[in-house]
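J.: I have a structure I would like to understand better, so I am pasting it below and will then ask my questions one at a time.
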Amino acid sequence: MIFLSVPSDYMPMAIMFVVSIGFVLTTIFVTHLIGPKRKSDVKLDTFECGIEPQGNSRIPFSIKYFLVAILFVLFDVEVIFMYPWAVNFLELGMYGFIEMILFISLFMLGFLYIVRKGALKWE
Amino acid sequence: MNTLIAIAGIGIVAMIADILRIRKIIFPVAMAGLAIAAFTAVSDWNTNTRYFNDMMFFDNYAAAFSLLIVVIAIIWFVMAVPDLKTGNHYSDKSALVAFSLAGSVVMVSFSNLAMLFLGIEILSVSLYVLAASNKNNLLSNEAGFKYFIMGAFATGIFLFGVALIYGACGTFNLQEINAFVATNKSDLSGQMYTGVLLMIIGLSFKIAAAPFHFWAPDVYEGSPTTITAFMSTIVKVAAFGALYRLMAGCFSQINEWWTTVFIILSVVSMLVGNIMATRQSSFKRLLAFSSISHAGYMLLPLLTLSDLTGTSLLLYGAAYAFASIGIFSLVSVMSENDDESIDSLNGFAKSHPIKAILFSVLLLSLAGIPPLAGFMGKYYAFYAALKSGNTSIVLIAIISSLIGVYYYLQVIIAMYKPTGHTSASFRFTIYQNIVLWTCFLITLILGIFPQLIIGWL
Amino acid sequence: MESLLWIIPVLPFIGFLINGIFGNKVPRSLSGIIASVAVLGGFIVSLLLFISLLGDENLSFTSKYFTWFHVGDLKLDMAFMVDRLTSVMLLVITGVGFLIHVYSIGYMHDDKDYSRFFAYLNLFVFFMLLLVMGSNYVLMFVGWEGVGLCSYLLIGFWFTNNNFNDAAKKAFIMNRIGDLGFLLGMFLIYQTFGSLNFDEVHSNAMTYAYGQPVLTTITLLLFVGAMGKSAQIPLFTWLPDAMAGPTPVSALIHAATMVTAGIYMIVRANVLFTLSVFTPEFIAVIGLLTALLAAFIGLKQNDIKKVLAYSTVSQLGFMFVALGVGAYTTALFHVVTHAFFKGLLFLCAGSVIHAMGGEQDIRKMGGLSAKLPVTHLTFLIGTLAIAGLPPFAGFFSKDEILVKVFASSPWMYGALALASVLTAIYMFRLYFVTFKGQFRGSHHQEEHLHESPPSMTFPLIVLAILSALGGFIGIPEIFHAPNLISEYLAPVTHFSSSYSARAVSHETEIILLVSTLLFLLVAIWFVYNKYVKRQAIPEPDEDIAGFGKTLAGKFYVDEIYTYLIEKPLNAISGLGYKFIETGLIKGVVDGTAQVVGALGLGIRTIQTGKTGTYLFAMVIALIAFMVIKFMI
């Protein structure tokens, strides 16, 4: 079988584990030791993207940041599909071109949909 | 394949309709699209085509299950359309439903584990949103959230299983995995077995089999009623289609190994589902638990793979889905009153004598009373299990379906109790009437002529 | 021809749907016509079938529509089969049925539930046709149950009267007792022959030797079914009570068609009965006892419909005696003639009741012949026919039965001849008291007396002609004319006739014939003397004494049943309720329910609603599966 493996093959992984754990531990402890300490309520609070960590979770907040961020991620990921196509543009030829046009048009449809829904309206 | 394109097309048109502000066309387009999908599913009969480098394989099994899903979807859509239209998100919801349907078609026609995963995700992600689609209702939000978290968890388990299997045999392709299992049957690694177990568990989450059912009652109860109907029928049928395709297509050689898993899942589901259902006061929650127990019954034919397995799954799925949708049309009327308790049905028989009879028939079909479809479904499921020699399991199944009769009858009794609401509180639209009668007729016809489905696969 | 079969039952069914669904929205004038035309259509097709069966004697039409169900080895088709036996039954059902439908248009004219009546009537015809056309026992059973249901619905047609409802229930329950026998017989047939199709079962049975115990058991069970449907001892008491229904119903269901279903079933299964030991004798004895008992009771009844009801029971007894001695075609011949004259008599009775404004007691009638000429004449023909005077229909069929019975047992012949004389007595008593002498009703009734409308008299006339001439289809051998009906039905009983080849000489037959006739004439003269010459009228209820009181009390059979069956049953069920139901069953059932409930509460604690708990539970379950699969 091609999948047979010996323990020594896992050596790089072991090193990786040691290094990563070592790095984390070192940073935590060393920063603790060398950093200045100013303890106040605000400083000791859990940090979560500027949102109050305690209290009623059902408070109104602006969804726009999230929307834009999510949409950005979506479109960003979709664009990745164009990369392999661009690399193999000549091999894929006309067929690939048409498929990509189809893809992009569906993609644009999604974009139009978002615009029309007003998801990008800031005010 | 064309079925899939037609269904995805519905979703795209629904989005375009929103852009162009022509939402009126969504319902006719959806009906036409589903009709085309049904037609293509029929015309693909016996073609056995493989698509995309054997990513999908549209055999008779896939065609039959796609057809069933599409037919259920047509009836579901008729029932749901008044509800979808309320609020500002008619086209969004319709598009999501269409994409979710596309996912379910992929789930029953995959021939590659990657496609199975994709199908499950397409189905689920749309449903997470749909479950929370009643934005102003806290319960609906909670349902969407819970479903998402737990669904993601289950998907993770499933994906882990896929990865382990890929690690063990180096391929995602069903045929190749099957060949690998067949040649290395005696010395399969624990990695492989773990992978199979994790995949089964991932899928049993989708079919809501106990002990992976915890999400179901809360999500069913919280989601908008029409979406609950969708989840408990189409999703369940699709997930069972996928489960059978996976087990029969890949792992039929190690049948004895995973049979015990299914026995446990089935017994626990039947007992937990039925016993819990007896204690419910909310009709929707009762149906959630009853759907868990039905998952248990539907696992019975899978205990041994034979010619009967596929057909009895199909028959049971059809019987269960049509009766459920008919009953959900009542629940959706109850939801409009914001009272889904069983007691709120008191006096229903007096104000709607004919409908009370129809609903009683549907409930009795779910309980498995002859000569209705549910009885035939149970009969063939039990028969398949008996043939594989699992007499004690069938005994448990029969006892638990007796418990089932108890709580279904409770609902019927509640309808026939004299006191309670006046007739004004139940308003059936023409859509719900159509759905109710259709489901009633199908339930009767399938009960008398189970051959309509049995002879096919 | 096969392609026409479905039309016969479907037409009445459509009639039922139209009248049943649209109810009183159908114009009154139309619903009766729809119902009648539906049955007439069936009659025309039946006639075509009958004619086309005349040629080849082994011809039969079978038409399979679909496989009804297929469970294990049992495969049942939804299929109709029409052979010569069925075609005779079809003609009777649709022919007499049509006439009675027409009659009902007039008779039910003032009833507010006109369309419901015709819907039931058409449904009955549909089920009756299913019963005789089905090609297997199960389909026959469906029809069998269906006619029982319709009979129940129609007896209790005027459901506001509680006595009528009780009568309907009584009929239904008694029939159900019989049905149980039929059902068990069917199970045993399937177990023995592995099929329920007539041709398979019967051709398979022909290979059995005479006297196999299983055949006796099967036939006895089937006969229990026939006892219920055809009102034989001990299940006959429902039929007189069934007279609570509208008179056309009594004519159609409780005289001409449904009650003969038992006869049809036995003729259909004649192969089984011929090969059984004991059963035929048992049938003959039961039939004989029923014929005598009912005839005796009939002597002292004063309700015009009750007399006819007991005479029906008695005549059915005649038919069963014929079946018992193996004279299957003769029994069927009597079914046909009986349908004519008993249908006629009931319709006449209906016409009388109609004219009397609902009065049924013959002591309050009398001298109706002048006011109701058509009814009078047709009733006379019917009476002559049922009494068995030549050349009326009853003479031929009854004579044939008597001759066949004599051939197998002379003492039975004696008893049956007595029953036939009694028949003449109570029928002529009925006729004389009703139509001769002085009118004894109220002044108001007398003014109201009128002949019925043409829609009612037309069926009377047609049936009277049939009652007068219908016997000529079965002329006895001694007259050297062909016996049409027995020749026509010969293929049906081909197998059985080779077994029972006993016959009497022509001389004996003539002696029997003449002596029976003499007895009849003497009896009629005696009745004439008493009720016409001496103008006697039956005494009021309180003056009846001695044996007559027993007769008027119907031998107290109902009371005996009450004490023998109903009271003990009630006592047992009371005990059962006290100890078994509340003690044992309730304890066990409620106990189980409580256990289930407690379990539910227990499991419910896991269903907390917290996502974290759920995920935790899922992981635990996952680990449990791992442990089960890999550690154990």
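Going through the structure tokens in order, the chains are called A, B, and so on, while each chain numbers its residues from 1 and the ligands are numbered from 1 in the order shown.
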May I ask you to extract the residues of chain B within 9 Å of chain A, using only C-alpha atoms, and to give them as an mmCIF file with N, CA and C atoms, in the first residue's frame?
T.:
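Listed below is the output, result21.cif:
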```cif
data_model
loop_
_atom_site.group_PDB
_atom_site.id
_atom_site.type_symbol
_atom_site.label_atom_id
_atom_site.label_comp_id
_atom_site.auth_asym_id
_atom_site.auth_seq_id
_atom_site.Cartn_x
_atom_site.Cartn_y
_atom_site.Cartn_z
ATOM 1 N N ILE B 12 -33.227 31.060 -9.105
ATOM 2 C CA ILE B 12 -32.663 32.226 -9.793
ATOM 3 C C ILE B 12 -33.771 33.147 -10.279
ATOM 4 N N MET B 15 -35.112 35.239 -7.601
ATOM 5 C CA MET B 15 -34.261 36.393 -7.275
ATOM 6 C C MET B 15 -34.409 37.490 -8.318
ATOM 7 N N ILE B 16 -34.448 37.070 -9.604
ATOM 8 C CA ILE B 16 -34.632 38.063 -10.662
ATOM 9 C C ILE B 16 -35.972 38.775 -10.469
ATOM 10 N N ASP B 18 -37.382 39.475 -7.867
ATOM 11 C CA ASP B 18 -37.270 40.489 -6.839
ATOM 12 C C ASP B 18 -36.567 41.736 -7.378
ATOM 13 N N ILE B 19 -35.561 41.499 -8.212
ATOM 14 C CA ILE B 19 -34.844 42.636 -8.787
ATOM 15 C C ILE B 19 -35.764 43.462 -9.667
ATOM 16 N N LEU B 20 -36.535 42.733 -10.488
ATOM 17 C CA LEU B 20 -37.398 43.433 -11.435
ATOM 18 C C LEU B 20 -38.744 43.793 -10.835
ATOM 19 N N GLY B 167 -8.923 9.114 3.798
ATOM 20 C CA GLY B 167 -7.613 8.698 4.276
ATOM 21 C C GLY B 167 -7.430 7.198 4.145
ATOM 22 N N ALA B 168 -8.484 6.453 4.369
ATOM 23 C CA ALA B 168 -8.353 5.003 4.355
ATOM 24 C C ALA B 168 -8.287 4.453 2.946
ATOM 25 N N GLY B 170 -8.437 6.583 -0.119
ATOM 26 C CA GLY B 170 -7.873 7.464 -1.122
ATOM 27 C C GLY B 170 -8.820 7.892 -2.226
#
```
J.: Provide as number ranges by chain the residues of chain C at most 6 Å from chain B, counting only C-alpha atoms.
T.: C: 600, 614, 618
J.: Contacts of C:Ala355 at 7 Å or less, counting only C-alpha atoms, minus same-chain residues fewer than 6 places along, as a list of chain:residue names?
T.: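 Answer for this query is C:Leu449, C:His450, C:Glu451.
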J.: I'd like the interatomic distance between atom CA of C:Phe458 and atom CA of C:Asp111, to a tenth of an Å.
T.: 20.6 Å
J.: Neighbours of B:Val71 within 10 Å (only C-alpha atoms; same-chain residues fewer than 3 positions away dropped), as a PyMOL selection string?
T.: chain B and resi 34-35+37-38+65-68+74-77+234+318+322
J.: Print the selection's residues with N, CA and C atoms to a file, as a PDB file, in the first residue's frame.
T.:
```pdb
ATOM      1  N   LEU B  34     -41.309  23.195 -11.029  1.00  0.00           N
ATOM      2  CA  LEU B  34     -41.407  21.896 -10.350  1.00  0.00           C
ATOM      3  C   LEU B  34     -42.054  20.863 -11.260  1.00  0.00           C
ATOM      4  N   ALA B  35     -43.026  21.323 -12.058  1.00  0.00           N
ATOM      5  CA  ALA B  35     -43.646  20.387 -13.001  1.00  0.00           C
ATOM      6  C   ALA B  35     -42.611  19.890 -14.002  1.00  0.00           C
ATOM      7  N   ALA B  37     -39.434  19.774 -13.484  1.00  0.00           N
ATOM      8  CA  ALA B  37     -38.521  18.907 -12.741  1.00  0.00           C
ATOM      9  C   ALA B  37     -39.096  17.513 -12.607  1.00  0.00           C
ATOM     10  N   ALA B  38     -40.387  17.452 -12.289  1.00  0.00           N
ATOM     11  CA  ALA B  38     -41.024  16.139 -12.159  1.00  0.00           C
ATOM     12  C   ALA B  38     -40.984  15.407 -13.491  1.00  0.00           C
ATOM     13  N   PHE B  65     -36.516   8.950  -6.147  1.00  0.00           N
ATOM     14  CA  PHE B  65     -36.510   9.822  -4.976  1.00  0.00           C
ATOM     15  C   PHE B  65     -36.647  11.287  -5.371  1.00  0.00           C
ATOM     16  N   SER B  66     -36.010  11.684  -6.485  1.00  0.00           N
ATOM     17  CA  SER B  66     -36.172  13.068  -6.934  1.00  0.00           C
ATOM     18  C   SER B  66     -37.634  13.354  -7.227  1.00  0.00           C
ATOM     19  N   LEU B  67     -38.274  12.388  -7.894  1.00  0.00           N
ATOM     20  CA  LEU B  67     -39.682  12.590  -8.240  1.00  0.00           C
ATOM     21  C   LEU B  67     -40.513  12.750  -6.977  1.00  0.00           C
ATOM     22  N   LEU B  68     -40.252  11.877  -6.008  1.00  0.00           N
ATOM     23  CA  LEU B  68     -41.010  11.975  -4.753  1.00  0.00           C
ATOM     24  C   LEU B  68     -40.794  13.338  -4.109  1.00  0.00           C
ATOM     25  N   ILE B  74     -44.184  20.227  -4.605  1.00  0.00           N
ATOM     26  CA  ILE B  74     -45.304  20.913  -5.260  1.00  0.00           C
ATOM     27  C   ILE B  74     -46.428  21.132  -4.251  1.00  0.00           C
ATOM     28  N   ILE B  75     -46.773  20.054  -3.540  1.00  0.00           N
ATOM     29  CA  ILE B  75     -47.866  20.171  -2.572  1.00  0.00           C
ATOM     30  C   ILE B  75     -47.467  21.127  -1.462  1.00  0.00           C
ATOM     31  N   TRP B  76     -46.218  21.017  -1.033  1.00  0.00           N
ATOM     32  CA  TRP B  76     -45.750  21.900   0.023  1.00  0.00           C
ATOM     33  C   TRP B  76     -45.870  23.357  -0.408  1.00  0.00           C
ATOM     34  N   PHE B  77     -45.462  23.617  -1.651  1.00  0.00           N
ATOM     35  CA  PHE B  77     -45.468  25.002  -2.133  1.00  0.00           C
ATOM     36  C   PHE B  77     -46.880  25.565  -2.137  1.00  0.00           C
ATOM     37  N   ILE B 234     -39.571  16.930   3.399  1.00  0.00           N
ATOM     38  CA  ILE B 234     -38.625  16.866   2.292  1.00  0.00           C
ATOM     39  C   ILE B 234     -37.220  16.562   2.793  1.00  0.00           C
ATOM     40  N   ALA B 318     -43.192   8.401   1.223  1.00  0.00           N
ATOM     41  CA  ALA B 318     -44.350   9.030   0.586  1.00  0.00           C
ATOM     42  C   ALA B 318     -45.513   9.081   1.550  1.00  0.00           C
ATOM     43  N   PHE B 322     -46.841  12.799   2.802  1.00  0.00           N
ATOM     44  CA  PHE B 322     -48.118  13.364   2.377  1.00  0.00           C
ATOM     45  C   PHE B 322     -49.061  13.548   3.562  1.00  0.00           C
TER      46      PHE B 322
END
```
J.: So that I can see what lies close to C:Leu513, please list as a VMD selection string the residues with an atom at most 10 Å from it, counting only C-alpha atoms and leaving out residues fewer than 3 positions away in the same chain.
T.: chain C and resid 395 399 to 400 402 to 403 507 to 510 516 to 518
J.: Can you tell me which residues surround stretch 355-367 of chain B at a distance of at most 9 Å, considering only C-alpha atoms, apart from same-chain residues fewer than 6 positions away, and format the answer as JSON, numbers by chain?
T.: {"B": [290, 294, 319, 320, 322, 323, 324, 326, 327, 330, 348, 349, 373, 374, 375, 401, 402, 404, 405, 406, 407, 408, 409, 411, 412, 415, 416, 433, 436, 437, 439, 440, 443, 444, 447]}
J.: Restricting the calculation to only C-alpha atoms, which member of C:Ser46, C:Ser87, C:Gln360, C:Asn175 is positioned closest to C:Leu59?
T.: C:Ser87
J.: Would you work out the distance separating atom CA of C:Ala536 from atom CA of C:Leu344, expressed in Å to one decimal?
T.: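 Going from atom CA of C:Ala536 over to atom CA of C:Leu344, I get 26.4 Å.
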J.: Between atom CA of C:Ser314 and atom CA of C:Gly298, what is the spacing in Å?
T.: 8.9 Å
J.: Counting only C-alpha atoms, what is within 10 Å of C:Lys169, bar same-chain residues fewer than 2 positions away, as a PDB file with N, CA and C atoms, in the first residue's frame?
T.:
```
ATOM      1  N   TYR C 152     -79.598  -2.338   6.570  1.00  0.00           N
ATOM      2  CA  TYR C 152     -79.637  -1.617   7.859  1.00  0.00           C
ATOM      3  C   TYR C 152     -80.107  -0.185   7.659  1.00  0.00           C
ATOM      4  N   LEU C 153     -79.500   0.479   6.657  1.00  0.00           N
ATOM      5  CA  LEU C 153     -79.839   1.885   6.426  1.00  0.00           C
ATOM      6  C   LEU C 153     -81.306   2.041   6.045  1.00  0.00           C
ATOM      7  N   ILE C 155     -83.885  -0.203   6.594  1.00  0.00           N
ATOM      8  CA  ILE C 155     -84.853  -0.562   7.644  1.00  0.00           C
ATOM      9  C   ILE C 155     -85.010   0.631   8.575  1.00  0.00           C
ATOM     10  N   GLY C 156     -83.883   1.260   8.881  1.00  0.00           N
ATOM     11  CA  GLY C 156     -83.945   2.419   9.765  1.00  0.00           C
ATOM     12  C   GLY C 156     -84.118   3.711   8.992  1.00  0.00           C
ATOM     13  N   ASN C 163     -88.220   2.471  17.465  1.00  0.00           N
ATOM     14  CA  ASN C 163     -88.466   1.048  17.237  1.00  0.00           C
ATOM     15  C   ASN C 163     -87.852   0.608  15.914  1.00  0.00           C
ATOM     16  N   PHE C 164     -87.947   1.494  14.928  1.00  0.00           N
ATOM     17  CA  PHE C 164     -87.395   1.156  13.619  1.00  0.00           C
ATOM     18  C   PHE C 164     -85.886   1.016  13.720  1.00  0.00           C
ATOM     19  N   ASN C 165     -85.277   1.914  14.500  1.00  0.00           N
ATOM     20  CA  ASN C 165     -83.830   1.814  14.677  1.00  0.00           C
ATOM     21  C   ASN C 165     -83.452   0.502  15.337  1.00  0.00           C
ATOM     22  N   ASP C 166     -84.263   0.097  16.333  1.00  0.00           N
ATOM     23  CA  ASP C 166     -83.975  -1.170  16.992  1.00  0.00           C
ATOM     24  C   ASP C 166     -84.070  -2.321  16.002  1.00  0.00           C
ATOM     25  N   ALA C 167     -85.088  -2.264  15.143  1.00  0.00           N
ATOM     26  CA  ALA C 167     -85.241  -3.315  14.138  1.00  0.00           C
ATOM     27  C   ALA C 167     -84.024  -3.347  13.223  1.00  0.00           C
ATOM     28  N   ALA C 171     -81.451  -6.463  12.752  1.00  0.00           N
ATOM     29  CA  ALA C 171     -81.124  -7.064  11.464  1.00  0.00           C
ATOM     30  C   ALA C 171     -79.618  -7.091  11.272  1.00  0.00           C
ATOM     31  N   PHE C 172     -78.984  -5.992  11.592  1.00  0.00           N
ATOM     32  CA  PHE C 172     -77.549  -5.891  11.341  1.00  0.00           C
ATOM     33  C   PHE C 172     -76.781  -6.886  12.196  1.00  0.00           C
ATOM     34  N   ILE C 173     -77.159  -6.964  13.482  1.00  0.00           N
ATOM     35  CA  ILE C 173     -76.412  -7.845  14.386  1.00  0.00           C
ATOM     36  C   ILE C 173     -76.600  -9.298  13.995  1.00  0.00           C
ATOM     37  N   MET C 174     -77.844  -9.683  13.692  1.00  0.00           N
ATOM     38  CA  MET C 174     -78.094 -11.071  13.303  1.00  0.00           C
ATOM     39  C   MET C 174     -77.308 -11.411  12.048  1.00  0.00           C
ATOM     40  N   ASN C 175     -77.285 -10.461  11.127  1.00  0.00           N
ATOM     41  CA  ASN C 175     -76.520 -10.696   9.906  1.00  0.00           C
ATOM     42  C   ASN C 175     -75.042 -10.838  10.200  1.00  0.00           C
ATOM     43  N   TRP C 238     -84.934 -11.474  12.610  1.00  0.00           N
ATOM     44  CA  TRP C 238     -84.744 -10.093  12.157  1.00  0.00           C
ATOM     45  C   TRP C 238     -85.643  -9.744  10.987  1.00  0.00           C
ATOM     46  N   ALA C 242     -87.750  -6.456  10.133  1.00  0.00           N
ATOM     47  CA  ALA C 242     -87.223  -5.589   9.076  1.00  0.00           C
ATOM     48  C   ALA C 242     -88.344  -4.904   8.306  1.00  0.00           C
TER      49      ALA C 242
END
```
